[in-house]
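First the structure, in the form of structure tokens, and then the observations on it.
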Amino acid sequence: MDFTALDDRPYPVLDDATIPELPAHYRGKVRDNYDLPDGRRIIIATDRISAFDRILASIPLKGQVLTQTARFWFEETRDICPNHVLDYPDPNVVVGRRLDILPVEIVVRDYLAGTTGTSVLTLYKAGQREMYGVRLPEGLRDNQKLPHPIITPTSKAFDGGHDEPLTPDQIVGQNLLTAAQWSQLSDYAFALFARGQQIAAKHGLILVDTKYEFGTDAEGRIVLADEIHTPDSSRYWLAGSYEDRFARGERPESFDKDFVRSWVAARCDPYKDPIPEIPAQVIRDTAQVYVRAYETITGRRFEMPDREKPVLERIRGNLAKYF
């Protein structure tokens with residue numbers, strides 16, 4: 001398909017989604033949340049981009065891309081497990097059931113990849129072969145397909161601490177989940193991932209790994225929350241070039257959303273120094289990557305917003321019925 005090209009004119013940006021008429025405001029790094037008295041939660045995806053434990057900038061269209069990509073996947077997987085979605089009153093907004101989030105974060109992986117301290121590639125290169133209750137064979141190379149998909153669960157650090165790798169025995173033994181909950185959650189995760197890989201393959205993509213967040217509703221059912229298979233929660237590679245690049249020992253082609261992160265890291269210590277002003281071209285290039293990611297992942301044309309209307313003004317109008 002021909003991808004939507006962004007021109008040099010400015011696009012409206014949503015860097016703050018404070019709406020005083022809505023109750024119980026909680027501001028996350030990327031999303032602003034409001035809890036209604038009836039058990040519903042309003043989640044507004046802003047255009048903020050977070051890295052190095054701070055907000056670096058706002059990327060036009062990013063919040064809409066994340067919301068609409070997750071919407072595509074929630075609709076494509078609703079036959080597999082229940083999700084939190086109740087309504088989409090605005091392109092940047094989802095209204096969902098408020099859940100009790102389970103204290104285990106689920107990542108499903110099908111390739112030896114990743115950069116964080118808890119990724120299978122990092123642990124494998126450090127000499128570990130037994131991890132997350134799974135034993136990996138000797139001789140695997142960077143970015144190689146695993147014998148089969150695996151779940152790599154970590155503790156969810158609600159208190160700002162670091163996530164820690166877990167095994168299924170630890171999850172049940174530490175009473176983080178019951179055995180029945182872990183069994184159902186695992187079944188859901190593998191089924192969601194398989195559906196994701198199947199649809200991604202039709203669009204010329206490899207779904208390499210992804211993060212899922214689950215909670216329980218008032219009846220105790222396990223429900224899929226947050227987002228699903230978005231560019232922020234998942235790693236995608238371009239399938240057409242994977243085999244050749246892997247054979248040459250090169251990194252697979254992906255949606256490189258790290259323009260901003262790389263630009264900042266090359267110019268300062270982002271954990272300590274003030275963040276320098278990021279050029280408009282870097283911001284625009286990153287916005288283009290997000291739009292292309294949406295169109296490639298979903299196979300749909302991205303619906304551009306009205307440039308003349310501020311995003312927050314539009315959202316306020318669409319959420320007026322909740323005031």
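Going through the structure tokens in order, the chains are called A, B, and so on, while each chain numbers its residues from 1 and the ligands are numbered from 1 in the order shown.
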- Task: Would you please give, as a PyMOL selection string, all residues of segment 38-248 of chain A that DSSP assigns to helix (DSSP H, G or I) based on the backbone?
- Result: chain A and resi 62-77+120-125+168-173+179-202+239-247
Prev. selection, C-alpha atoms, output as a PDB file, in the first residue's frame:
ATOM      1  CA  LYS A  62       1.446   9.274  18.463  1.00  0.00           C
ATOM      2  CA  GLY A  63      -1.469   9.050  20.913  1.00  0.00           C
ATOM      3  CA  GLN A  64      -3.962   8.467  18.116  1.00  0.00           C
ATOM      4  CA  VAL A  65      -1.712   5.814  16.556  1.00  0.00           C
ATOM      5  CA  LEU A  66      -1.431   3.902  19.835  1.00  0.00           C
ATOM      6  CA  THR A  67      -5.164   4.073  20.573  1.00  0.00           C
ATOM      7  CA  GLN A  68      -6.235   3.067  17.074  1.00  0.00           C
ATOM      8  CA  THR A  69      -3.645   0.284  16.756  1.00  0.00           C
ATOM      9  CA  ALA A  70      -4.798  -1.185  20.064  1.00  0.00           C
ATOM     10  CA  ARG A  71      -8.408  -0.830  18.905  1.00  0.00           C
ATOM     11  CA  PHE A  72      -7.629  -2.877  15.778  1.00  0.00           C
ATOM     12  CA  TRP A  73      -6.108  -5.662  17.893  1.00  0.00           C
ATOM     13  CA  PHE A  74      -8.760  -5.623  20.623  1.00  0.00           C
ATOM     14  CA  GLU A  75     -11.370  -6.128  17.916  1.00  0.00           C
ATOM     15  CA  GLU A  76      -9.326  -8.858  16.188  1.00  0.00           C
ATOM     16  CA  THR A  77      -8.859 -10.825  19.428  1.00  0.00           C
ATOM     17  CA  VAL A 120      16.234 -13.393  26.853  1.00  0.00           C
ATOM     18  CA  LEU A 121      19.073 -12.180  24.613  1.00  0.00           C
ATOM     19  CA  THR A 122      20.737 -10.270  27.454  1.00  0.00           C
ATOM     20  CA  LEU A 123      20.464 -13.236  29.813  1.00  0.00           C
ATOM     21  CA  TYR A 124      21.569 -15.714  27.123  1.00  0.00           C
ATOM     22  CA  LYS A 125      24.664 -13.669  26.237  1.00  0.00           C
ATOM     23  CA  PRO A 168       5.770 -20.176  37.020  1.00  0.00           C
ATOM     24  CA  ASP A 169       6.649 -21.973  40.268  1.00  0.00           C
ATOM     25  CA  GLN A 170       7.619 -18.658  41.867  1.00  0.00           C
ATOM     26  CA  ILE A 171       4.451 -16.967  40.647  1.00  0.00           C
ATOM     27  CA  VAL A 172       2.244 -19.578  42.303  1.00  0.00           C
ATOM     28  CA  GLY A 173       4.548 -20.194  45.280  1.00  0.00           C
ATOM     29  CA  ALA A 179      -2.407 -21.978  39.761  1.00  0.00           C
ATOM     30  CA  ALA A 180      -5.732 -21.635  37.935  1.00  0.00           C
ATOM     31  CA  GLN A 181      -5.106 -17.950  37.188  1.00  0.00           C
ATOM     32  CA  TRP A 182      -1.616 -18.662  35.852  1.00  0.00           C
ATOM     33  CA  SER A 183      -2.934 -21.457  33.646  1.00  0.00           C
ATOM     34  CA  GLN A 184      -5.672 -19.288  32.161  1.00  0.00           C
ATOM     35  CA  LEU A 185      -3.435 -16.271  31.780  1.00  0.00           C
ATOM     36  CA  SER A 186      -0.811 -18.366  29.954  1.00  0.00           C
ATOM     37  CA  ASP A 187      -3.432 -19.824  27.631  1.00  0.00           C
ATOM     38  CA  TYR A 188      -4.713 -16.331  26.834  1.00  0.00           C
ATOM     39  CA  ALA A 189      -1.205 -14.955  26.211  1.00  0.00           C
ATOM     40  CA  PHE A 190      -0.153 -17.740  23.835  1.00  0.00           C
ATOM     41  CA  ALA A 191      -3.453 -17.549  21.933  1.00  0.00           C
ATOM     42  CA  LEU A 192      -3.269 -13.755  21.609  1.00  0.00           C
ATOM     43  CA  PHE A 193       0.327 -13.963  20.414  1.00  0.00           C
ATOM     44  CA  ALA A 194      -0.493 -16.659  17.847  1.00  0.00           C
ATOM     45  CA  ARG A 195      -3.330 -14.515  16.454  1.00  0.00           C
ATOM     46  CA  GLY A 196      -0.997 -11.525  16.383  1.00  0.00           C
ATOM     47  CA  GLN A 197       1.688 -13.424  14.477  1.00  0.00           C
ATOM     48  CA  GLN A 198      -0.857 -14.780  12.010  1.00  0.00           C
ATOM     49  CA  ILE A 199      -2.254 -11.351  11.131  1.00  0.00           C
ATOM     50  CA  ALA A 200       1.168  -9.666  11.173  1.00  0.00           C
ATOM     51  CA  ALA A 201       2.464 -12.232   8.675  1.00  0.00           C
ATOM     52  CA  LYS A 202      -0.334 -11.303   6.259  1.00  0.00           C
ATOM     53  CA  ALA A 239       9.559 -10.227   7.204  1.00  0.00           C
ATOM     54  CA  GLY A 240      10.851  -9.744   3.662  1.00  0.00           C
ATOM     55  CA  SER A 241      14.418  -8.950   4.683  1.00  0.00           C
ATOM     56  CA  TYR A 242      14.695 -10.994   7.888  1.00  0.00           C
ATOM     57  CA  GLU A 243      16.329 -14.165   6.519  1.00  0.00           C
ATOM     58  CA  ASP A 244      19.023 -12.351   4.502  1.00  0.00           C
ATOM     59  CA  ARG A 245      19.894  -9.971   7.317  1.00  0.00           C
ATOM     60  CA  PHE A 246      19.978 -12.785   9.873  1.00  0.00           C
ATOM     61  CA  ALA A 247      22.283 -14.819   7.629  1.00  0.00           C
TER      62      ALA A 247
END
- Item | Distance query Pro10 of chain A at most 9 Å, only C-alpha atoms, self and fewer than 5 positions along chain excluded, as a list of chain:residue names | A:Pro60, A:Arg284, A:Arg307
Would you save the residues of that selection, restricted to N, CA and C atoms, as a PDB file, in the first residue's frame?
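As written to disk, out20.pdb reads:
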ATOM      1  N   PRO A  60       3.653  14.418  17.400  1.00  0.00           N
ATOM      2  CA  PRO A  60       2.310  14.552  16.834  1.00  0.00           C
ATOM      3  C   PRO A  60       1.774  13.211  16.344  1.00  0.00           C
ATOM      4  N   ARG A 284       9.237  15.243  13.494  1.00  0.00           N
ATOM      5  CA  ARG A 284       8.404  14.891  12.345  1.00  0.00           C
ATOM      6  C   ARG A 284       8.741  13.492  11.829  1.00  0.00           C
ATOM      7  N   ARG A 307      -6.412  19.539  11.378  1.00  0.00           N
ATOM      8  CA  ARG A 307      -5.260  20.312  11.871  1.00  0.00           C
ATOM      9  C   ARG A 307      -5.662  21.624  12.521  1.00  0.00           C
TER      10      ARG A 307
END
- Query: What lies within 9 Å of Phe259 of chain A using only C-alpha atoms, ignoring chain neighbours under 2 positions off, as JSON, numbers by chain?
  - Reply: {"A": [256, 257, 261, 262, 263, 264, 282, 283, 285, 286]}
Residue selection dump (N, CA and C atoms) as a PDB file, in the first residue's frame:
ATOM      1  N   ASP A 256      11.883   1.763  13.463  1.00  0.00           N
ATOM      2  CA  ASP A 256      12.851   2.389  14.359  1.00  0.00           C
ATOM      3  C   ASP A 256      12.248   3.654  14.961  1.00  0.00           C
ATOM      4  N   LYS A 257      11.691   3.528  16.150  1.00  0.00           N
ATOM      5  CA  LYS A 257      11.059   4.658  16.824  1.00  0.00           C
ATOM      6  C   LYS A 257      12.050   5.367  17.749  1.00  0.00           C
ATOM      7  N   ARG A 261      15.162   9.080  21.160  1.00  0.00           N
ATOM      8  CA  ARG A 261      16.032   8.509  22.186  1.00  0.00           C
ATOM      9  C   ARG A 261      17.504   8.595  21.755  1.00  0.00           C
ATOM     10  N   SER A 262      17.799   8.196  20.533  1.00  0.00           N
ATOM     11  CA  SER A 262      19.182   8.192  20.054  1.00  0.00           C
ATOM     12  C   SER A 262      19.735   9.607  19.928  1.00  0.00           C
ATOM     13  N   TRP A 263      18.914  10.534  19.447  1.00  0.00           N
ATOM     14  CA  TRP A 263      19.358  11.909  19.290  1.00  0.00           C
ATOM     15  C   TRP A 263      19.730  12.510  20.642  1.00  0.00           C
ATOM     16  N   VAL A 264      18.891  12.280  21.648  1.00  0.00           N
ATOM     17  CA  VAL A 264      19.156  12.823  22.983  1.00  0.00           C
ATOM     18  C   VAL A 264      20.391  12.175  23.604  1.00  0.00           C
ATOM     19  N   VAL A 282      13.442  15.899  13.586  1.00  0.00           N
ATOM     20  CA  VAL A 282      13.492  14.646  14.332  1.00  0.00           C
ATOM     21  C   VAL A 282      12.098  14.288  14.843  1.00  0.00           C
ATOM     22  N   ILE A 283      11.375  15.288  15.333  1.00  0.00           N
ATOM     23  CA  ILE A 283      10.004  15.068  15.804  1.00  0.00           C
ATOM     24  C   ILE A 283       9.125  14.593  14.647  1.00  0.00           C
ATOM     25  N   ASP A 285      10.041  13.162  11.778  1.00  0.00           N
ATOM     26  CA  ASP A 285      10.434  11.829  11.319  1.00  0.00           C
ATOM     27  C   ASP A 285       9.864  10.745  12.225  1.00  0.00           C
ATOM     28  N   THR A 286       9.854  11.000  13.530  1.00  0.00           N
ATOM     29  CA  THR A 286       9.320  10.019  14.474  1.00  0.00           C
ATOM     30  C   THR A 286       7.815   9.869  14.298  1.00  0.00           C
TER      31      THR A 286
END
- Neighbour list for Tyr88 of chain A as a ChimeraX atom specification, cut-off 10 Å, only C-alpha atoms, skip fewer than 5 positions in-chain: /A:42-43,67-68,71,93-96,318
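Considering the residues A:Leu56, A:Arg41, A:Pro165, A:Leu112 and counting only C-alpha atoms, Gly139 of chain A has its shortest atom-to-atom contact with A:Leu112.
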Using only C-alpha atoms, which protein or nucleic acid residues come within 10 Å of Glu138 of chain A? Drop anything in the same chain fewer than 3 positions from it, and give the result as a PDB file with all heavy atoms, in the first residue's frame.
ATOM      1  N   TYR A 124      20.896 -14.648  27.874  1.00  0.00           N
ATOM      2  CA  TYR A 124      21.569 -15.714  27.123  1.00  0.00           C
ATOM      3  C   TYR A 124      23.034 -15.354  26.877  1.00  0.00           C
ATOM      4  O   TYR A 124      23.932 -16.192  27.041  1.00  0.00           O
ATOM      5  CB  TYR A 124      20.840 -15.936  25.803  1.00  0.00           C
ATOM      6  CG  TYR A 124      21.215 -17.207  25.078  1.00  0.00           C
ATOM      7  CD1 TYR A 124      20.548 -18.402  25.347  1.00  0.00           C
ATOM      8  CD2 TYR A 124      22.216 -17.220  24.108  1.00  0.00           C
ATOM      9  CE1 TYR A 124      20.870 -19.578  24.674  1.00  0.00           C
ATOM     10  CE2 TYR A 124      22.546 -18.378  23.427  1.00  0.00           C
ATOM     11  CZ  TYR A 124      21.878 -19.553  23.725  1.00  0.00           C
ATOM     12  OH  TYR A 124      22.200 -20.713  23.055  1.00  0.00           O
ATOM     13  N   GLY A 127      25.352 -15.994  29.605  1.00  0.00           N
ATOM     14  CA  GLY A 127      25.652 -17.390  29.905  1.00  0.00           C
ATOM     15  C   GLY A 127      24.500 -18.189  30.462  1.00  0.00           C
ATOM     16  O   GLY A 127      24.640 -19.398  30.674  1.00  0.00           O
ATOM     17  N   GLN A 128      23.368 -17.547  30.704  1.00  0.00           N
ATOM     18  CA  GLN A 128      22.237 -18.292  31.254  1.00  0.00           C
ATOM     19  C   GLN A 128      21.547 -19.100  30.149  1.00  0.00           C
ATOM     20  O   GLN A 128      21.365 -18.618  29.030  1.00  0.00           O
ATOM     21  CB  GLN A 128      21.226 -17.332  31.884  1.00  0.00           C
ATOM     22  CG  GLN A 128      21.724 -16.646  33.147  1.00  0.00           C
ATOM     23  CD  GLN A 128      20.598 -15.922  33.864  1.00  0.00           C
ATOM     24  OE1 GLN A 128      19.475 -16.423  33.951  1.00  0.00           O
ATOM     25  NE2 GLN A 128      20.888 -14.748  34.405  1.00  0.00           N
ATOM     26  N   ARG A 129      21.169 -20.302  30.471  1.00  0.00           N
ATOM     27  CA  ARG A 129      20.385 -21.137  29.563  1.00  0.00           C
ATOM     28  C   ARG A 129      19.039 -21.502  30.181  1.00  0.00           C
ATOM     29  O   ARG A 129      18.106 -21.845  29.488  1.00  0.00           O
ATOM     30  CB  ARG A 129      21.168 -22.421  29.203  1.00  0.00           C
ATOM     31  CG  ARG A 129      22.483 -22.148  28.468  1.00  0.00           C
ATOM     32  CD  ARG A 129      22.221 -21.504  27.118  1.00  0.00           C
ATOM     33  NE  ARG A 129      23.461 -21.224  26.400  1.00  0.00           N
ATOM     34  CZ  ARG A 129      24.090 -20.049  26.417  1.00  0.00           C
ATOM     35  NH1 ARG A 129      23.598 -19.037  27.143  1.00  0.00           N
ATOM     36  NH2 ARG A 129      25.195 -19.861  25.723  1.00  0.00           N
ATOM     37  N   ARG A 135      14.285 -23.874  29.547  1.00  0.00           N
ATOM     38  CA  ARG A 135      15.686 -24.102  29.189  1.00  0.00           C
ATOM     39  C   ARG A 135      15.853 -23.890  27.694  1.00  0.00           C
ATOM     40  O   ARG A 135      15.181 -24.521  26.877  1.00  0.00           O
ATOM     41  CB  ARG A 135      16.148 -25.510  29.582  1.00  0.00           C
ATOM     42  CG  ARG A 135      17.615 -25.731  29.219  1.00  0.00           C
ATOM     43  CD  ARG A 135      18.277 -26.858  30.014  1.00  0.00           C
ATOM     44  NE  ARG A 135      19.717 -26.839  29.791  1.00  0.00           N
ATOM     45  CZ  ARG A 135      20.591 -26.089  30.452  1.00  0.00           C
ATOM     46  NH1 ARG A 135      20.174 -25.291  31.411  1.00  0.00           N
ATOM     47  NH2 ARG A 135      21.883 -26.131  30.181  1.00  0.00           N
ATOM     48  N   ARG A 141      21.859 -17.846  18.037  1.00  0.00           N
ATOM     49  CA  ARG A 141      22.462 -16.583  17.637  1.00  0.00           C
ATOM     50  C   ARG A 141      21.505 -15.424  17.899  1.00  0.00           C
ATOM     51  O   ARG A 141      20.295 -15.610  18.016  1.00  0.00           O
ATOM     52  CB  ARG A 141      22.821 -16.626  16.148  1.00  0.00           C
ATOM     53  CG  ARG A 141      23.895 -17.631  15.777  1.00  0.00           C
ATOM     54  CD  ARG A 141      23.973 -17.802  14.276  1.00  0.00           C
ATOM     55  NE  ARG A 141      24.011 -16.516  13.578  1.00  0.00           N
ATOM     56  CZ  ARG A 141      23.678 -16.340  12.304  1.00  0.00           C
ATOM     57  NH1 ARG A 141      23.260 -17.375  11.580  1.00  0.00           N
ATOM     58  NH2 ARG A 141      23.741 -15.140  11.742  1.00  0.00           N
TER      59      ARG A 141
END
- Within 8 Å of Asp100 of chain A, counting only C-alpha atoms, which residues qualify if same-chain residues fewer than 6 places away don't, as a list in words? Gly215, Thr216 and Asp217 of chain A
- What residues in segment 40-251 of chain A get the DSSP label strand (DSSP E)? Please answer as JSON, numbers by chain. {"A": [40, 41, 42, 43, 44, 45, 48, 49, 50, 51, 54, 55, 56, 57, 58, 85, 86, 87, 88, 89, 90, 93, 94, 95, 96, 97, 100, 101, 104, 105, 106, 107, 108, 109, 110, 111, 130, 131, 134, 135, 145, 146, 147, 148, 149, 150, 151, 154, 155, 205, 206, 207, 208, 209, 210, 211, 212, 214, 215, 216, 222, 223, 224, 234, 235, 236, 237, 238]}
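With only C-alpha atoms as the atoms that count, the residue of A:Val291, A:Val13, A:Ala5, A:Leu22 with the shortest distance to Lys321 of chain A is A:Leu22.
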- Using only C-alpha atoms, which residues sit within 9 Å of Phe52 of chain A once same-chain residues fewer than 2 positions away are excluded, as a ChimeraX atom specification? /A:50,54-56,261,270-271
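Compared by their closest atoms to Pro91 of chain A, and using only C-alpha atoms, the residues A:Met304, A:Ile297, A:Leu205, A:Ala24 rank with A:Met304 nearest.
The closest residue to Glu219 of chain A, picked from A:Arg97, A:Arg9, A:Arg27, A:Arg316 and counting only C-alpha atoms, is A:Arg97.
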